[in-house]
>>> print(open('upload08.cif').read())   # mmCIF, C-alpha atoms (C1' of nucleotides)
data_model
#
loop_
_atom_site.label_atom_id
_atom_site.label_comp_id
_atom_site.auth_asym_id
_atom_site.auth_seq_id
_atom_site.Cartn_x
_atom_site.Cartn_y
_atom_site.Cartn_z
CA MET A 1 0.00 0.00 0.00
CA GLU A 2 2.57 2.52 1.13
CA ARG A 3 5.04 0.99 -1.22
CA GLU A 4 2.76 1.49 -4.19
CA LYS A 5 1.93 5.04 -3.22
CA GLU A 6 5.62 5.73 -3.04
CA ILE A 7 6.25 4.19 -6.46
CA LEU A 8 3.52 6.29 -7.99
CA ARG A 9 4.77 9.44 -6.31
CA THR A 10 8.28 8.85 -7.57
CA HIS A 11 7.10 8.10 -11.09
CA ILE A 12 5.00 11.25 -11.13
CA ALA A 13 7.85 13.36 -9.82
CA GLY A 14 10.21 12.00 -12.42
CA HIS A 15 7.90 12.71 -15.34
CA HIS A 16 6.81 16.30 -14.67
CA MET A 17 3.35 15.03 -13.87
CA LYS A 18 1.12 16.08 -11.05
CA GLN A 19 -0.08 14.35 -7.95
CA THR A 20 -3.87 14.55 -7.87
CA ARG A 21 -6.64 13.49 -5.55
CA GLN A 22 -8.15 11.29 -8.28
CA ARG A 23 -4.96 9.34 -8.79
CA GLU A 24 -4.70 8.64 -5.10
CA VAL A 25 -8.29 7.55 -4.80
CA ILE A 26 -8.04 5.27 -7.82
CA LEU A 27 -4.80 3.69 -6.65
CA GLU A 28 -6.27 3.03 -3.22
CA ALA A 29 -9.41 1.53 -4.65
CA PHE A 30 -7.40 -0.63 -7.01
CA LEU A 31 -5.20 -2.02 -4.27
CA LYS A 32 -8.15 -2.50 -1.97
CA ALA A 33 -10.00 -4.40 -4.67
CA GLY A 34 -7.12 -6.85 -4.73
CA GLY A 35 -6.65 -6.88 -8.47
CA HIS A 36 -8.34 -8.67 -11.35
CA VAL A 37 -10.72 -5.78 -11.79
CA SER A 38 -11.87 -4.36 -15.08
CA ALA A 39 -11.79 -0.63 -15.65
CA GLU A 40 -15.53 -0.41 -15.33
CA GLU A 41 -15.62 -2.36 -12.09
CA LEU A 42 -13.00 -0.11 -10.62
CA TYR A 43 -14.89 2.93 -11.86
CA TYR A 44 -17.90 1.64 -10.01
CA LYS A 45 -16.04 1.19 -6.74
CA VAL A 46 -14.44 4.58 -7.07
CA SER A 47 -17.70 6.34 -7.87
CA LYS A 48 -19.42 4.84 -4.88
CA ARG A 49 -16.71 5.83 -2.51
CA ALA A 50 -16.24 9.33 -3.63
CA SER A 51 -16.84 12.06 -6.03
CA SER A 52 -17.58 12.22 -9.68
CA ILE A 53 -14.45 10.68 -11.06
CA GLY A 54 -14.92 9.92 -14.74
CA LEU A 55 -14.44 6.57 -16.43
CA ALA A 56 -11.85 8.11 -18.72
CA THR A 57 -9.79 9.11 -15.72
CA VAL A 58 -9.94 5.56 -14.42
CA TYR A 59 -8.66 4.31 -17.75
CA ARG A 60 -5.92 6.90 -17.86
CA THR A 61 -4.84 6.19 -14.30
CA LEU A 62 -4.81 2.44 -14.84
CA GLY A 63 -2.55 3.07 -17.82
CA LEU A 64 -0.33 5.10 -15.55
CA LEU A 65 -0.23 2.35 -12.94
CA CYS A 66 0.84 -0.09 -15.65
CA GLU A 67 3.57 2.25 -16.80
CA CYS A 68 5.09 2.46 -13.37
CA GLY A 69 4.85 -1.26 -12.74
CA ILE A 70 2.16 -1.32 -10.08
CA ALA A 71 -0.45 -2.92 -12.32
CA GLN A 72 -0.47 -5.19 -15.31
CA GLN A 73 -3.07 -5.87 -17.98
CA ARG A 74 -4.54 -9.26 -18.70
CA GLU A 75 -7.19 -10.40 -21.08
CA PHE A 76 -9.17 -13.43 -20.10
CA GLY A 77 -11.44 -14.29 -22.99
CA GLU A 78 -14.29 -12.00 -21.95
CA GLY A 79 -13.90 -9.06 -24.24
CA ARG A 80 -12.70 -6.68 -21.57
CA THR A 81 -9.30 -6.09 -20.06
CA ARG A 82 -8.58 -6.84 -16.44
CA PHE A 83 -5.87 -5.27 -14.34
CA GLU A 84 -3.97 -7.03 -11.66
CA ILE A 85 -1.57 -6.00 -8.97
CA VAL A 86 2.11 -6.70 -9.52
CA HIS A 87 3.27 -7.90 -6.14
CA GLU A 88 6.73 -7.06 -4.99
CA TYR A 89 7.98 -10.45 -3.97
CA HIS A 90 5.86 -12.53 -6.24
CA GLN A 91 7.47 -13.81 -9.35
CA HIS A 92 5.47 -14.52 -12.45
CA HIS A 93 2.21 -16.28 -11.77
CA ASP A 94 -0.58 -17.81 -13.81
CA HIS A 95 -4.30 -18.24 -13.39
CA LEU A 96 -7.04 -20.73 -12.77
CA ILE A 97 -10.33 -19.21 -13.87
CA CYS A 98 -13.74 -20.49 -12.91
CA THR A 99 -16.01 -20.20 -15.92
CA LYS A 100 -19.09 -20.25 -13.73
CA CYS A 101 -18.51 -17.81 -10.90
CA GLY A 102 -15.60 -15.94 -12.43
CA LYS A 103 -13.27 -16.56 -9.52
CA ILE A 104 -9.61 -16.23 -10.38
CA ILE A 105 -6.97 -18.19 -8.48
CA GLU A 106 -3.32 -17.36 -8.94
CA PHE A 107 -0.62 -19.98 -8.88
CA GLU A 108 3.09 -20.25 -9.48
CA ASN A 109 4.78 -23.30 -10.88
CA PRO A 110 8.49 -23.20 -11.58
CA ASN A 111 8.40 -26.56 -13.32
CA ILE A 112 5.99 -25.29 -15.91
CA GLU A 113 8.09 -22.18 -16.35
CA ARG A 114 11.13 -24.33 -16.93
CA LEU A 115 9.37 -26.43 -19.55
CA GLN A 116 8.24 -23.30 -21.31
CA GLU A 117 11.80 -22.07 -21.45
CA LYS A 118 12.77 -25.34 -23.00
CA VAL A 119 10.05 -25.17 -25.65
CA ALA A 120 11.18 -21.66 -26.51
CA LYS A 121 14.78 -22.73 -26.77
CA ASP A 122 13.88 -25.65 -29.01
CA ASN A 123 12.18 -23.20 -31.33
CA ASP A 124 14.98 -20.69 -31.19
CA PHE A 125 12.72 -18.16 -29.52
CA THR A 126 13.66 -15.39 -27.11
CA VAL A 127 10.97 -15.17 -24.46
CA TYR A 128 9.69 -11.81 -23.27
CA THR A 129 6.70 -12.98 -21.32
CA HIS A 130 4.03 -15.59 -21.34
CA LYS A 131 0.64 -16.33 -19.99
CA LEU A 132 -1.07 -19.49 -18.98
CA GLU A 133 -4.72 -19.67 -18.14
CA ILE A 134 -6.61 -22.75 -17.07
CA TYR A 135 -10.38 -22.54 -17.43
CA GLY A 136 -12.77 -24.78 -15.56
CA LEU A 137 -14.96 -25.14 -12.51
CA CYS A 138 -13.76 -24.25 -9.05
CA SER A 139 -14.42 -26.43 -6.03
CA GLU A 140 -17.59 -24.53 -5.14
CA CYS A 141 -19.13 -24.50 -8.58
CA LYS A 142 -18.77 -28.09 -9.63
CA MET B 1 -10.92 -30.16 -46.25
CA GLU B 2 -13.50 -32.75 -47.20
CA ARG B 3 -13.72 -33.81 -43.62
CA GLU B 4 -14.57 -30.27 -42.51
CA LYS B 5 -17.12 -29.83 -45.27
CA GLU B 6 -18.73 -33.02 -44.14
CA ILE B 7 -18.83 -31.92 -40.51
CA LEU B 8 -20.43 -28.65 -41.47
CA ARG B 9 -22.96 -30.35 -43.70
CA THR B 10 -23.93 -32.75 -40.95
CA HIS B 11 -24.21 -30.00 -38.38
CA ILE B 12 -26.40 -27.96 -40.69
CA ALA B 13 -28.61 -30.90 -41.47
CA GLY B 14 -29.08 -31.70 -37.81
CA HIS B 15 -30.08 -28.17 -36.85
CA HIS B 16 -32.67 -27.29 -39.49
CA MET B 17 -30.27 -24.84 -41.01
CA LYS B 18 -29.49 -24.31 -44.64
CA GLN B 19 -26.47 -25.03 -46.73
CA THR B 20 -25.53 -21.83 -48.53
CA ARG B 21 -22.93 -20.72 -51.00
CA GLN B 22 -21.55 -18.16 -48.53
CA ARG B 23 -20.95 -20.77 -45.87
CA GLU B 24 -19.05 -22.95 -48.28
CA VAL B 25 -16.94 -20.09 -49.55
CA ILE B 26 -16.12 -18.92 -46.05
CA LEU B 27 -15.23 -22.41 -44.85
CA GLU B 28 -12.95 -22.94 -47.83
CA ALA B 29 -11.23 -19.62 -47.37
CA PHE B 30 -10.80 -20.27 -43.67
CA LEU B 31 -9.19 -23.66 -44.23
CA LYS B 32 -7.06 -22.36 -47.05
CA ALA B 33 -5.85 -19.50 -44.85
CA GLY B 34 -4.56 -22.11 -42.44
CA GLY B 35 -5.99 -20.59 -39.31
CA HIS B 36 -5.00 -17.77 -36.98
CA VAL B 37 -7.05 -15.31 -38.99
CA SER B 38 -9.19 -12.55 -37.60
CA ALA B 39 -12.72 -12.08 -38.87
CA GLU B 40 -11.72 -9.02 -40.80
CA GLU B 41 -8.78 -10.73 -42.46
CA LEU B 42 -10.96 -13.59 -43.51
CA TYR B 43 -13.56 -11.16 -44.78
CA TYR B 44 -10.87 -9.60 -46.89
CA LYS B 45 -9.81 -12.89 -48.42
CA VAL B 46 -13.37 -13.87 -49.05
CA SER B 47 -14.27 -10.55 -50.64
CA LYS B 48 -11.35 -10.72 -53.03
CA ARG B 49 -12.14 -14.20 -54.15
CA ALA B 50 -15.77 -13.77 -54.74
CA SER B 51 -18.89 -11.88 -54.38
CA SER B 52 -20.19 -9.37 -51.93
CA ILE B 53 -20.23 -11.42 -48.79
CA GLY B 54 -20.78 -9.19 -45.80
CA LEU B 55 -18.59 -8.94 -42.73
CA ALA B 56 -21.54 -9.87 -40.55
CA THR B 57 -21.90 -13.12 -42.44
CA VAL B 58 -18.26 -13.89 -41.88
CA TYR B 59 -18.75 -13.36 -38.16
CA ARG B 60 -21.87 -15.48 -38.12
CA THR B 61 -20.24 -18.26 -40.08
CA LEU B 62 -17.14 -18.27 -37.90
CA GLY B 63 -19.46 -18.65 -34.94
CA LEU B 64 -21.04 -21.57 -36.68
CA LEU B 65 -17.69 -23.18 -37.39
CA CYS B 66 -16.83 -22.88 -33.71
CA GLU B 67 -20.12 -24.48 -32.74
CA CYS B 68 -19.48 -27.53 -34.85
CA GLY B 69 -15.89 -27.88 -33.72
CA ILE B 70 -14.08 -26.93 -36.90
CA ALA B 71 -12.74 -23.67 -35.53
CA GLN B 72 -11.83 -22.26 -32.17
CA GLN B 73 -11.46 -18.72 -30.90
CA ARG B 74 -8.32 -17.33 -29.40
CA GLU B 75 -7.42 -13.92 -28.16
CA PHE B 76 -3.82 -12.93 -28.34
CA GLY B 77 -3.49 -9.57 -26.66
CA GLU B 78 -4.27 -7.48 -29.71
CA GLY B 79 -7.85 -6.44 -29.18
CA ARG B 80 -9.31 -8.67 -31.83
CA THR B 81 -10.24 -12.31 -31.82
CA ARG B 82 -8.45 -14.83 -33.99
CA PHE B 83 -9.84 -18.11 -35.20
CA GLU B 84 -7.85 -21.24 -35.67
CA ILE B 85 -8.48 -24.61 -37.21
CA VAL B 86 -9.12 -27.52 -34.89
CA HIS B 87 -7.16 -30.34 -36.47
CA GLU B 88 -8.49 -33.83 -36.32
CA TYR B 89 -5.46 -35.64 -35.04
CA HIS B 90 -3.89 -32.83 -33.18
CA GLN B 91 -4.41 -32.77 -29.54
CA HIS B 92 -4.42 -29.51 -27.68
CA HIS B 93 -1.61 -27.22 -28.68
CA ASP B 94 -0.24 -23.92 -27.49
CA HIS B 95 1.48 -20.96 -29.10
CA LEU B 96 4.74 -19.15 -29.45
CA ILE B 97 4.03 -15.64 -30.70
CA CYS B 98 6.62 -13.33 -32.18
CA THR B 99 5.92 -9.83 -30.94
CA LYS B 100 7.82 -8.29 -33.84
CA CYS B 101 6.63 -10.04 -36.99
CA GLY B 102 3.48 -11.59 -35.58
CA LYS B 103 4.41 -15.12 -36.55
CA ILE B 104 2.62 -17.80 -34.57
CA ILE B 105 4.22 -21.18 -33.97
CA GLU B 106 2.16 -24.00 -32.55
CA PHE B 107 3.58 -26.57 -30.21
CA GLU B 108 2.41 -29.47 -28.12
CA ASN B 109 3.96 -30.47 -24.86
CA PRO B 110 2.42 -33.29 -22.87
CA ASN B 111 4.65 -32.61 -19.88
CA ILE B 112 3.29 -29.13 -19.50
CA GLU B 113 -0.23 -30.46 -19.89
CA ARG B 114 0.41 -32.94 -17.14
CA LEU B 115 1.72 -30.30 -14.78
CA GLN B 116 -1.32 -28.18 -15.47
CA GLU B 117 -3.56 -31.07 -14.56
CA LYS B 118 -1.69 -31.39 -11.34
CA VAL B 119 -2.05 -27.71 -10.49
CA ALA B 120 -5.75 -27.96 -11.16
CA LYS B 121 -6.10 -31.01 -9.00
CA ASP B 122 -4.22 -29.35 -6.17
CA ASN B 123 -6.73 -26.51 -6.31
CA ASP B 124 -9.72 -28.79 -6.60
CA PHE B 125 -10.47 -27.48 -10.04
CA THR B 126 -12.15 -29.26 -12.94
CA VAL B 127 -10.40 -28.26 -16.15
CA TYR B 128 -12.39 -27.48 -19.26
CA THR B 129 -9.65 -25.99 -21.34
CA HIS B 130 -6.59 -23.89 -21.05
CA LYS B 131 -4.34 -21.69 -23.05
CA LEU B 132 -0.70 -20.99 -22.92
CA GLU B 133 0.99 -18.31 -24.94
CA ILE B 134 4.65 -17.48 -24.97
CA TYR B 135 5.53 -14.07 -26.33
CA GLY B 136 8.97 -13.17 -27.61
CA LEU B 137 11.16 -12.89 -30.65
CA CYS B 138 11.39 -15.62 -33.26
CA SER B 139 14.66 -16.77 -34.74
CA GLU B 140 14.40 -14.37 -37.67
CA CYS B 141 13.51 -11.29 -35.67
CA LYS B 142 16.05 -11.37 -32.93
"C1'" DA C 1 -44.40 -22.24 -49.27
"C1'" DT C 2 -41.92 -21.02 -45.63
"C1'" DA C 3 -38.41 -20.71 -42.49
"C1'" DT C 4 -33.71 -19.71 -42.53
"C1'" DC C 5 -30.18 -16.73 -44.66
"C1'" DT C 6 -27.86 -12.58 -46.29
"C1'" DG C 7 -26.40 -7.79 -46.68
"C1'" DC C 8 -26.77 -3.57 -44.97
"C1'" DA C 9 -26.96 -0.18 -41.66
"C1'" DA C 10 -27.74 0.83 -37.07
"C1'" DA C 11 -26.82 -0.56 -32.27
"C1'" DT C 12 -23.59 -2.16 -28.62
"C1'" DT C 13 -19.55 -2.58 -25.95
"C1'" DG C 14 -15.03 -1.51 -24.40
"C1'" DT C 15 -11.70 1.97 -24.81
"C1'" DT C 16 -9.46 6.31 -26.45
"C1'" DT C 17 -9.24 11.19 -27.56
"C1'" DG C 18 -10.19 16.29 -28.06
"C1'" DC C 19 -11.51 20.18 -25.70
"C1'" DT C 20 -12.15 23.55 -22.00
"C1'" DG C 21 -12.15 24.87 -17.60
"C1'" DA C 22 -9.81 23.37 -13.08
"C1'" DC C 23 -5.87 22.84 -10.41
"C1'" DG C 24 -1.13 21.36 -8.59
"C1'" DA C 25 3.83 22.78 -8.69
"C1'" DT D 1 1.76 31.67 -13.65
"C1'" DC D 2 1.84 27.74 -16.53
"C1'" DG D 3 1.52 23.29 -17.90
"C1'" DT D 4 -0.71 19.15 -16.68
"C1'" DC D 5 -5.21 17.16 -15.33
"C1'" DA D 6 -10.17 16.02 -15.09
"C1'" DG D 7 -14.72 15.55 -16.82
"C1'" DC D 8 -17.49 15.28 -20.47
"C1'" DA D 9 -18.95 14.04 -24.84
"C1'" DA D 10 -17.71 12.64 -29.15
"C1'" DA D 11 -14.78 9.33 -31.70
"C1'" DC D 12 -13.27 4.65 -32.45
"C1'" DA D 13 -12.77 -0.31 -33.25
"C1'" DA D 14 -14.50 -4.84 -32.91
"C1'" DT D 15 -18.55 -7.29 -32.88
"C1'" DT D 16 -23.66 -7.98 -32.75
"C1'" DT D 17 -28.34 -7.27 -34.07
"C1'" DG D 18 -32.77 -5.83 -36.55
"C1'" DC D 19 -34.88 -5.71 -40.71
"C1'" DA D 20 -36.54 -6.67 -45.44
"C1'" DG D 21 -35.72 -8.98 -49.27
"C1'" DA D 22 -33.30 -13.39 -51.18
"C1'" DT D 23 -32.91 -18.21 -51.18
"C1'" DA D 24 -32.49 -23.21 -49.79
"C1'" DT D 25 -35.42 -27.16 -48.70
#
>>> encode(input="upload08.cif", output="structure tokens")
Amino acid sequence: MEREKEILRTHIAGHHMKQTRQREVILEAFLKAGGHVSAEELYYKVSKRASSIGLATVYRTLGLLCECGIAQQREFGEGRTRFEIVHEYHQHHDHLICTKCGKIIEFENPNIERLQEKVAKDNDFTVYTHKLEIYGLCSECK
Amino acid sequence: MEREKEILRTHIAGHHMKQTRQREVILEAFLKAGGHVSAEELYYKVSKRASSIGLATVYRTLGLLCECGIAQQREFGEGRTRFEIVHEYHQHHDHLICTKCGKIIEFENPNIERLQEKVAKDNDFTVYTHKLEIYGLCSECK
DNA sequence: ATATCTGCAAATTGTTTGCTGACGA
DNA sequence: TCGTCAGCAAACAATTTGCAGATAT
């Protein structure tokens, strides 16, 4: 929480941008939501809590959070983009997605990562990033 | 090719739908394109080859092809949906995507599949499907 | 004959942008 | 003060839908 605020502050300072109330509110709401929110969902939370912050501002601020490494975009096949928190000590993680209730579970698996590296190497590919999503029913929905 | 035409014909017959020239043309163009096309790209190919088939028809037909298992949707983080061919003897495959030239390489890796199953089991999850995409530079682009 | 298609244009959805007044440094 | 920001509405892009005439069965 404090860490992220600090990151944002530093990024803003270093890019002749300005610290604004809206940016603070949106960042707080985003962190409080725990990630995996869409822009519209976050807009909703933010609107409820406070003033008349526009959807465009939410989009712009989420873009900003991605730029400074606090958030990251993901598309799960739903048409809309979701944003998740980049945790400090977490390394890359992947997702289990319940197709019924929409719950998203994160997991990390170094073995899978290693096999992916191998596949890339076999194909003479330089990996930038990857994503793995497993769709199905969670324990509660099946 | 013939196999896919047959599947489509059977599906149409079994759903009181109608065999039309457009559907044939679109299926042929889709197969000939070899998959990984977007609706608009396919529309383009189809338009060139023949008559005034509308974009909406391409969308509707691609939906139909997905329903009868000939095609499958994928979203690579570009905003638009791509459609790929479901091959008869291929089992599930994943993708290496070159972020520079856009080339898509398919691969299969049973070990990764197995590890995914394990992750799902550990989380008490019933898997429907999954997707794995590795983004980076291909041999020619790096 | 009749129900399903098609093409077109209009509607939707998610997201971005231009503009003008507001505001932080 | 001055440049960046916010809110709003309009613009956009990808996809879907409604409608009226066309066409398989």
>>> atom_distance(input="upload08.cif", atom1="atom CA of A:Ile26", atom2="atom C1' of D:DA14")
27.8 Å
>>> interface_residues(input="upload08.cif", of="chain D", to="chain B", cutoff="12 Å", atoms="all atoms listed in the file", output="NGL selection string")
:D and (13-17 or 22-25)
>>> resolve_selection(input="upload08.cif", expression="the PyMOL selection byres ((chain A) within 7 of (chain B))", output="tab-separated table (two decimals) with C-alpha atoms, in the frame of the given file")
chain	number	residue	atom	x	y	z
A	75	GLU	CA	-7.19	-10.40	-21.08
A	77	GLY	CA	-11.44	-14.29	-22.99
A	112	ILE	CA	5.99	-25.29	-15.91
A	115	LEU	CA	9.37	-26.43	-19.55
A	124	ASP	CA	14.98	-20.69	-31.19
A	125	PHE	CA	12.72	-18.16	-29.52
A	126	THR	CA	13.66	-15.39	-27.11
A	127	VAL	CA	10.97	-15.17	-24.46
A	128	TYR	CA	9.69	-11.81	-23.27
A	129	THR	CA	6.70	-12.98	-21.32
A	130	HIS	CA	4.03	-15.59	-21.34
A	131	LYS	CA	0.64	-16.33	-19.99
A	132	LEU	CA	-1.07	-19.49	-18.98
A	133	GLU	CA	-4.72	-19.67	-18.14
A	134	ILE	CA	-6.61	-22.75	-17.07
A	135	TYR	CA	-10.38	-22.54	-17.43
A	136	GLY	CA	-12.77	-24.78	-15.56
A	137	LEU	CA	-14.96	-25.14	-12.51
A	138	CYS	CA	-13.76	-24.25	-9.05
A	139	SER	CA	-14.42	-26.43	-6.03
>>> interface_residues(input="upload08.cif", of="chain C", to="chain B", cutoff="10 Å", atoms="only C-alpha atoms (C1' of nucleotides)", output="list of chain:residue names")
C:DA3, C:DT4, C:DC5, C:DT6, C:DG7, C:DC8, C:DG14
>>> calpha_fit_and_write(input="upload08.cif", fixed="chain A", moving="chain B", output="compact mmCIF listing (two decimals) with C-alpha atoms, keeping the file's coordinate frame")
# COMPACT_ATOMS: atom_id res chain seq x y z
CA MET B 1 0.05 -0.02 -0.05
CA GLU B 2 2.65 2.49 1.03
CA ARG B 3 5.12 0.90 -1.28
CA GLU B 4 2.81 1.39 -4.26
CA LYS B 5 2.05 4.97 -3.31
CA GLU B 6 5.74 5.59 -3.17
CA ILE B 7 6.34 4.03 -6.57
CA LEU B 8 3.62 6.14 -8.10
CA ARG B 9 4.92 9.29 -6.46
CA THR B 10 8.41 8.64 -7.73
CA HIS B 11 7.21 7.88 -11.23
CA ILE B 12 5.16 11.05 -11.30
CA ALA B 13 8.03 13.13 -10.04
CA GLY B 14 10.38 11.74 -12.64
CA HIS B 15 8.06 12.43 -15.55
CA HIS B 16 6.99 16.02 -14.94
CA MET B 17 3.53 14.83 -14.10
CA LYS B 18 1.32 15.92 -11.27
CA GLN B 19 0.16 14.22 -8.15
CA THR B 20 -3.62 14.50 -8.03
CA ARG B 21 -6.39 13.49 -5.71
CA GLN B 22 -7.97 11.30 -8.40
CA ARG B 23 -4.81 9.30 -8.90
CA GLU B 24 -4.52 8.62 -5.21
CA VAL B 25 -8.14 7.60 -4.89
CA ILE B 26 -7.93 5.30 -7.89
CA LEU B 27 -4.71 3.68 -6.70
CA GLU B 28 -6.18 3.07 -3.27
CA ALA B 29 -9.36 1.60 -4.67
CA PHE B 30 -7.39 -0.59 -7.04
CA LEU B 31 -5.20 -2.00 -4.27
CA LYS B 32 -8.14 -2.42 -1.95
CA ALA B 33 -10.04 -4.30 -4.65
CA GLY B 34 -7.19 -6.78 -4.70
CA GLY B 35 -6.75 -6.91 -8.43
CA HIS B 36 -8.50 -8.67 -11.30
CA VAL B 37 -10.82 -5.73 -11.77
CA SER B 38 -11.96 -4.30 -15.06
CA ALA B 39 -11.83 -0.57 -15.64
CA GLU B 40 -15.56 -0.29 -15.33
CA GLU B 41 -15.67 -2.20 -12.07
CA LEU B 42 -13.00 -0.01 -10.62
CA TYR B 43 -14.82 3.05 -11.86
CA TYR B 44 -17.86 1.83 -10.00
CA LYS B 45 -15.99 1.37 -6.75
CA VAL B 46 -14.34 4.72 -7.10
CA SER B 47 -17.58 6.52 -7.90
CA LYS B 48 -19.31 5.09 -4.86
CA ARG B 49 -16.55 6.05 -2.52
CA ALA B 50 -16.07 9.54 -3.65
CA SER B 51 -16.60 12.25 -6.07
CA SER B 52 -17.33 12.41 -9.73
CA ILE B 53 -14.26 10.79 -11.13
CA GLY B 54 -14.75 10.01 -14.79
CA LEU B 55 -14.35 6.65 -16.47
CA ALA B 56 -11.75 8.12 -18.79
CA THR B 57 -9.65 9.09 -15.81
CA VAL B 58 -9.85 5.58 -14.48
CA TYR B 59 -8.61 4.27 -17.81
CA ARG B 60 -5.83 6.82 -17.94
CA THR B 61 -4.76 6.11 -14.39
CA LEU B 62 -4.78 2.36 -14.91
CA GLY B 63 -2.52 2.95 -17.88
CA LEU B 64 -0.26 4.94 -15.64
CA LEU B 65 -0.19 2.22 -13.01
CA CYS B 66 0.82 -0.27 -15.69
CA GLU B 67 3.60 2.03 -16.86
CA CYS B 68 5.14 2.24 -13.43
CA GLY B 69 4.82 -1.47 -12.78
CA ILE B 70 2.13 -1.46 -10.12
CA ALA B 71 -0.49 -3.04 -12.33
CA GLN B 72 -0.58 -5.33 -15.31
CA GLN B 73 -3.19 -5.99 -17.95
CA ARG B 74 -4.71 -9.34 -18.64
CA GLU B 75 -7.39 -10.46 -21.00
CA PHE B 76 -9.40 -13.45 -20.00
CA GLY B 77 -11.68 -14.28 -22.89
CA GLU B 78 -14.51 -11.98 -21.89
CA GLY B 79 -14.10 -9.02 -24.18
CA ARG B 80 -12.85 -6.65 -21.54
CA THR B 81 -9.44 -6.12 -20.05
CA ARG B 82 -8.73 -6.85 -16.41
CA PHE B 83 -6.00 -5.31 -14.33
CA GLU B 84 -4.11 -7.07 -11.62
CA ILE B 85 -1.68 -6.04 -8.95
CA VAL B 86 1.98 -6.81 -9.50
CA HIS B 87 3.14 -7.99 -6.11
CA GLU B 88 6.60 -7.16 -4.95
CA TYR B 89 7.77 -10.57 -3.87
CA HIS B 90 5.66 -12.61 -6.15
CA GLN B 91 7.28 -13.89 -9.20
CA HIS B 92 5.27 -14.52 -12.30
CA HIS B 93 2.04 -16.32 -11.63
CA ASP B 94 -0.71 -17.84 -13.72
CA HIS B 95 -4.44 -18.35 -13.33
CA LEU B 96 -7.12 -20.90 -12.75
CA ILE B 97 -10.44 -19.41 -13.84
CA CYS B 98 -13.82 -20.79 -12.90
CA THR B 99 -16.09 -20.50 -15.90
CA LYS B 100 -19.19 -20.66 -13.73
CA CYS B 101 -18.64 -18.25 -10.85
CA GLY B 102 -15.78 -16.29 -12.33
CA LYS B 103 -13.44 -16.91 -9.44
CA ILE B 104 -9.77 -16.49 -10.28
CA ILE B 105 -7.11 -18.44 -8.42
CA GLU B 106 -3.48 -17.53 -8.86
CA PHE B 107 -0.73 -20.09 -8.82
CA GLU B 108 2.98 -20.28 -9.40
CA ASN B 109 4.73 -23.27 -10.83
CA PRO B 110 8.44 -23.09 -11.52
CA ASN B 111 8.43 -26.42 -13.34
CA ILE B 112 6.02 -25.14 -15.92
CA GLU B 113 8.06 -21.97 -16.26
CA ARG B 114 11.14 -24.04 -16.89
CA LEU B 115 9.46 -26.11 -19.56
CA GLN B 116 8.28 -22.95 -21.25
CA GLU B 117 11.81 -21.65 -21.33
CA LYS B 118 12.86 -24.85 -22.96
CA VAL B 119 10.17 -24.65 -25.62
CA ALA B 120 11.23 -21.11 -26.37
CA LYS B 121 14.85 -22.07 -26.62
CA ASP B 122 14.04 -24.94 -28.95
CA ASN B 123 12.30 -22.46 -31.23
CA ASP B 124 15.04 -19.88 -30.97
CA PHE B 125 12.71 -17.48 -29.26
CA THR B 126 13.54 -14.76 -26.74
CA VAL B 127 10.81 -14.69 -24.11
CA TYR B 128 9.45 -11.40 -22.85
CA THR B 129 6.48 -12.69 -20.97
CA HIS B 130 3.87 -15.35 -21.11
CA LYS B 131 0.47 -16.19 -19.83
CA LEU B 132 -1.18 -19.39 -18.92
CA GLU B 133 -4.83 -19.70 -18.08
CA ILE B 134 -6.66 -22.82 -17.10
CA TYR B 135 -10.41 -22.68 -17.46
CA GLY B 136 -12.76 -25.02 -15.63
CA LEU B 137 -14.93 -25.46 -12.59
CA CYS B 138 -13.75 -24.63 -9.10
CA SER B 139 -14.37 -26.87 -6.13
CA GLU B 140 -17.57 -25.06 -5.19
CA CYS B 141 -19.10 -25.00 -8.64
CA LYS B 142 -18.66 -28.54 -9.76
>>> atom_distance(input="upload08.cif", atom1="atom CA of A:Lys5", atom2="atom C1' of C:DT17")
27.5 Å
>>> atom_distance(input="upload08.cif", atom1="atom CA of B:His93", atom2="atom CA of B:Pro110")
9.3 Å
>>> residues_around(input="upload08.cif", residues="stretch 6-11 of chain B", least_positions_apart="5", cutoff="10 Å", atoms="all atoms listed in the file", output="mmCIF file with C-alpha atoms, keeping the file's coordinate frame")
data_model
loop_
_atom_site.group_PDB
_atom_site.id
_atom_site.type_symbol
_atom_site.label_atom_id
_atom_site.label_comp_id
_atom_site.auth_asym_id
_atom_site.auth_seq_id
_atom_site.Cartn_x
_atom_site.Cartn_y
_atom_site.Cartn_z
ATOM 1 C CA MET B 1 -10.920 -30.160 -46.250
ATOM 2 C CA HIS B 16 -32.670 -27.290 -39.490
ATOM 3 C CA MET B 17 -30.270 -24.840 -41.010
ATOM 4 C CA LYS B 18 -29.490 -24.310 -44.640
ATOM 5 C CA GLN B 19 -26.470 -25.030 -46.730
ATOM 6 C CA ARG B 23 -20.950 -20.770 -45.870
ATOM 7 C CA GLU B 24 -19.050 -22.950 -48.280
ATOM 8 C CA LEU B 27 -15.230 -22.410 -44.850
ATOM 9 C CA LEU B 64 -21.040 -21.570 -36.680
ATOM 10 C CA LEU B 65 -17.690 -23.180 -37.390
ATOM 11 C CA GLU B 67 -20.120 -24.480 -32.740
ATOM 12 C CA CYS B 68 -19.480 -27.530 -34.850
ATOM 13 C CA GLY B 69 -15.890 -27.880 -33.720
ATOM 14 C CA ILE B 70 -14.080 -26.930 -36.900
#
>>> resolve_selection(input="upload08.cif", expression="the PyMOL selection byres ((chain C and resi 21) around 10)", output="PyMOL selection string")
(chain C and resi 19-20+22-23) or (chain D and resi 6-7)
>>> resolve_selection(input="upload08.cif", expression="the PyMOL selection byres ((chain D and resi 18) around 10)", output="list in words")
DA9, DA10 and DA11 of chain C; DT17, DC19 and DA20 of chain D
